[in-house]
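One file, data_1.tsv, carrying TSV, C-alpha atoms and all ligand atoms:
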```
chain	number	residue	atom	x	y	z
E	1	MET	CA	-22.33	25.20	1.99
E	2	SER	CA	-25.58	24.48	0.29
E	3	GLU	CA	-26.69	21.01	-0.35
E	4	HIS	CA	-25.24	19.62	-3.43
E	5	VAL	CA	-26.32	16.51	-5.18
E	6	HIS	CA	-23.31	15.05	-6.83
E	7	VAL	CA	-23.59	14.08	-10.40
E	8	ARG	CA	-21.54	11.02	-11.00
E	9	LEU	CA	-20.07	11.20	-14.45
E	10	ASN	CA	-18.39	8.08	-15.60
E	11	GLN	CA	-14.74	8.73	-16.31
E	12	GLY	CA	-13.90	5.29	-17.47
E	13	LEU	CA	-13.19	1.82	-16.33
E	14	GLY	CA	-10.03	0.13	-15.25
E	15	VAL	CA	-8.82	-3.07	-13.76
E	16	SER	CA	-6.88	-3.15	-10.52
E	17	GLU	CA	-3.90	-5.32	-9.81
E	18	ASN	CA	-6.21	-7.65	-7.97
E	19	GLY	CA	-8.25	-8.15	-11.07
E	20	GLU	CA	-11.13	-6.06	-9.77
E	21	LEU	CA	-13.13	-3.90	-12.10
E	22	VAL	CA	-12.65	-0.28	-11.08
E	23	GLU	CA	-15.06	2.43	-12.16
E	24	HIS	CA	-13.93	6.05	-12.02
E	25	LEU	CA	-16.58	8.69	-11.42
E	26	SER	CA	-16.46	12.43	-10.96
E	27	CYS	CA	-18.76	15.37	-10.36
E	28	ARG	CA	-18.51	18.85	-11.83
E	29	CYS	CA	-17.63	20.15	-8.35
E	30	GLY	CA	-14.45	18.14	-8.38
E	31	ALA	CA	-15.48	15.25	-6.17
E	32	THR	CA	-14.30	11.93	-7.40
E	33	TRP	CA	-15.13	8.36	-6.58
E	34	THR	CA	-13.86	5.00	-7.43
E	35	LYS	CA	-16.03	1.96	-7.26
E	36	SER	CA	-14.49	-1.43	-7.40
E	37	TYR	CA	-16.31	-4.55	-8.27
E	38	GLN	CA	-15.16	-7.93	-7.21
E	39	VAL	CA	-15.26	-10.03	-10.27
E	40	GLN	CA	-16.46	-13.31	-8.99
E	41	GLY	CA	-14.82	-15.86	-11.09
E	42	ASP	CA	-13.38	-19.18	-10.25
E	43	ASP	CA	-10.22	-20.31	-11.86
E	44	SER	CA	-11.61	-23.78	-11.85
E	45	GLU	CA	-12.91	-23.48	-15.35
Z	101	ZN	ZN	-20.64	17.45	-6.71
```
Output the file's structure in the form of C-alpha cells.
Amino acid sequence: MSEHVHVRLNQGLGVSENGELVEHLSCRCGATWTKSYQVQGDDSE
C-alpha cells in the first residue's frame, strides 16, 4: 500500500443523544471518521 493522505470531506453535522456535536467526514478511498465535540454549556443559564 502506498502512502495515502486522506482527504477529509465534510459529510454533514449531527447531534448525538448526549447533545454532542458530531461531524461526519469521509475520504474518496472510503475511510470515514466521526468527530464529536463536547458542547460546553451549563444549564445554569
Ligand atoms: Zn483516504
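Environment of ligand ZN 101 (chain Z), defined as every protein or nucleic acid residue with an atom within 9 Å of it and counting all atoms listed in the file, comprises His4, Val5, His6, Val7, Arg8, Ser26, Cys27, Arg28, Cys29, Gly30, Ala31 and Thr32 of chain E.
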Give as number ranges by chain the set of residues within 10 Å of the point (-14.8, 3.8, -8.2), where distances use the file's coordinates and all atoms listed in the file.
-> E: 10-14, 21-26, 32-37
Could you give me the centre and size, in Å to one decimal, of an axis-aligned box around all listed atoms of range 6-9 of chain E with 8 Å added on every side, as AutoDock Vina command-line options?
```
--center_x -21.8 --center_y 13.0 --center_z -10.6 --size_x 19.5 --size_y 20.0 --size_z 23.6
```
Please complete range 31-43 of chain E with N, CA and C atoms and give it back as a CSV table (one decimal), keeping the file's coordinate frame.
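Heads up, here's the output in rebuild-v3.csv:
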```
chain,number,residue,atom,x,y,z
E,31,ALA,N,-15.5,16.5,-7.0
E,31,ALA,CA,-15.5,15.2,-6.2
E,31,ALA,C,-15.3,14.1,-7.1
E,32,THR,N,-14.5,13.1,-6.6
E,32,THR,CA,-14.3,11.9,-7.4
E,32,THR,C,-14.6,10.7,-6.6
E,33,TRP,N,-14.9,9.6,-7.2
E,33,TRP,CA,-15.1,8.4,-6.6
E,33,TRP,C,-14.5,7.3,-7.4
E,34,THR,N,-14.2,6.2,-6.7
E,34,THR,CA,-13.9,5.0,-7.4
E,34,THR,C,-14.7,3.9,-6.9
E,35,LYS,N,-15.3,3.1,-7.7
E,35,LYS,CA,-16.0,2.0,-7.3
E,35,LYS,C,-15.4,0.7,-7.8
E,36,SER,N,-15.1,-0.2,-6.9
E,36,SER,CA,-14.5,-1.4,-7.4
E,36,SER,C,-15.5,-2.6,-7.3
E,37,TYR,N,-15.4,-3.4,-8.2
E,37,TYR,CA,-16.3,-4.6,-8.3
E,37,TYR,C,-15.5,-5.8,-8.2
E,38,GLN,N,-15.8,-6.6,-7.3
E,38,GLN,CA,-15.2,-7.9,-7.2
E,38,GLN,C,-15.7,-8.8,-8.3
E,39,VAL,N,-14.8,-9.1,-9.2
E,39,VAL,CA,-15.3,-10.0,-10.3
E,39,VAL,C,-15.2,-11.4,-9.7
E,40,GLN,N,-16.4,-12.0,-9.6
E,40,GLN,CA,-16.5,-13.3,-9.0
E,40,GLN,C,-16.3,-14.4,-10.1
E,41,GLY,N,-15.1,-14.8,-10.1
E,41,GLY,CA,-14.8,-15.9,-11.1
E,41,GLY,C,-13.9,-16.9,-10.5
E,42,ASP,N,-14.2,-18.1,-10.7
E,42,ASP,CA,-13.4,-19.2,-10.2
E,42,ASP,C,-12.4,-19.6,-11.3
E,43,ASP,N,-11.2,-19.9,-10.9
E,43,ASP,CA,-10.2,-20.3,-11.9
E,43,ASP,C,-10.4,-21.8,-12.2
```
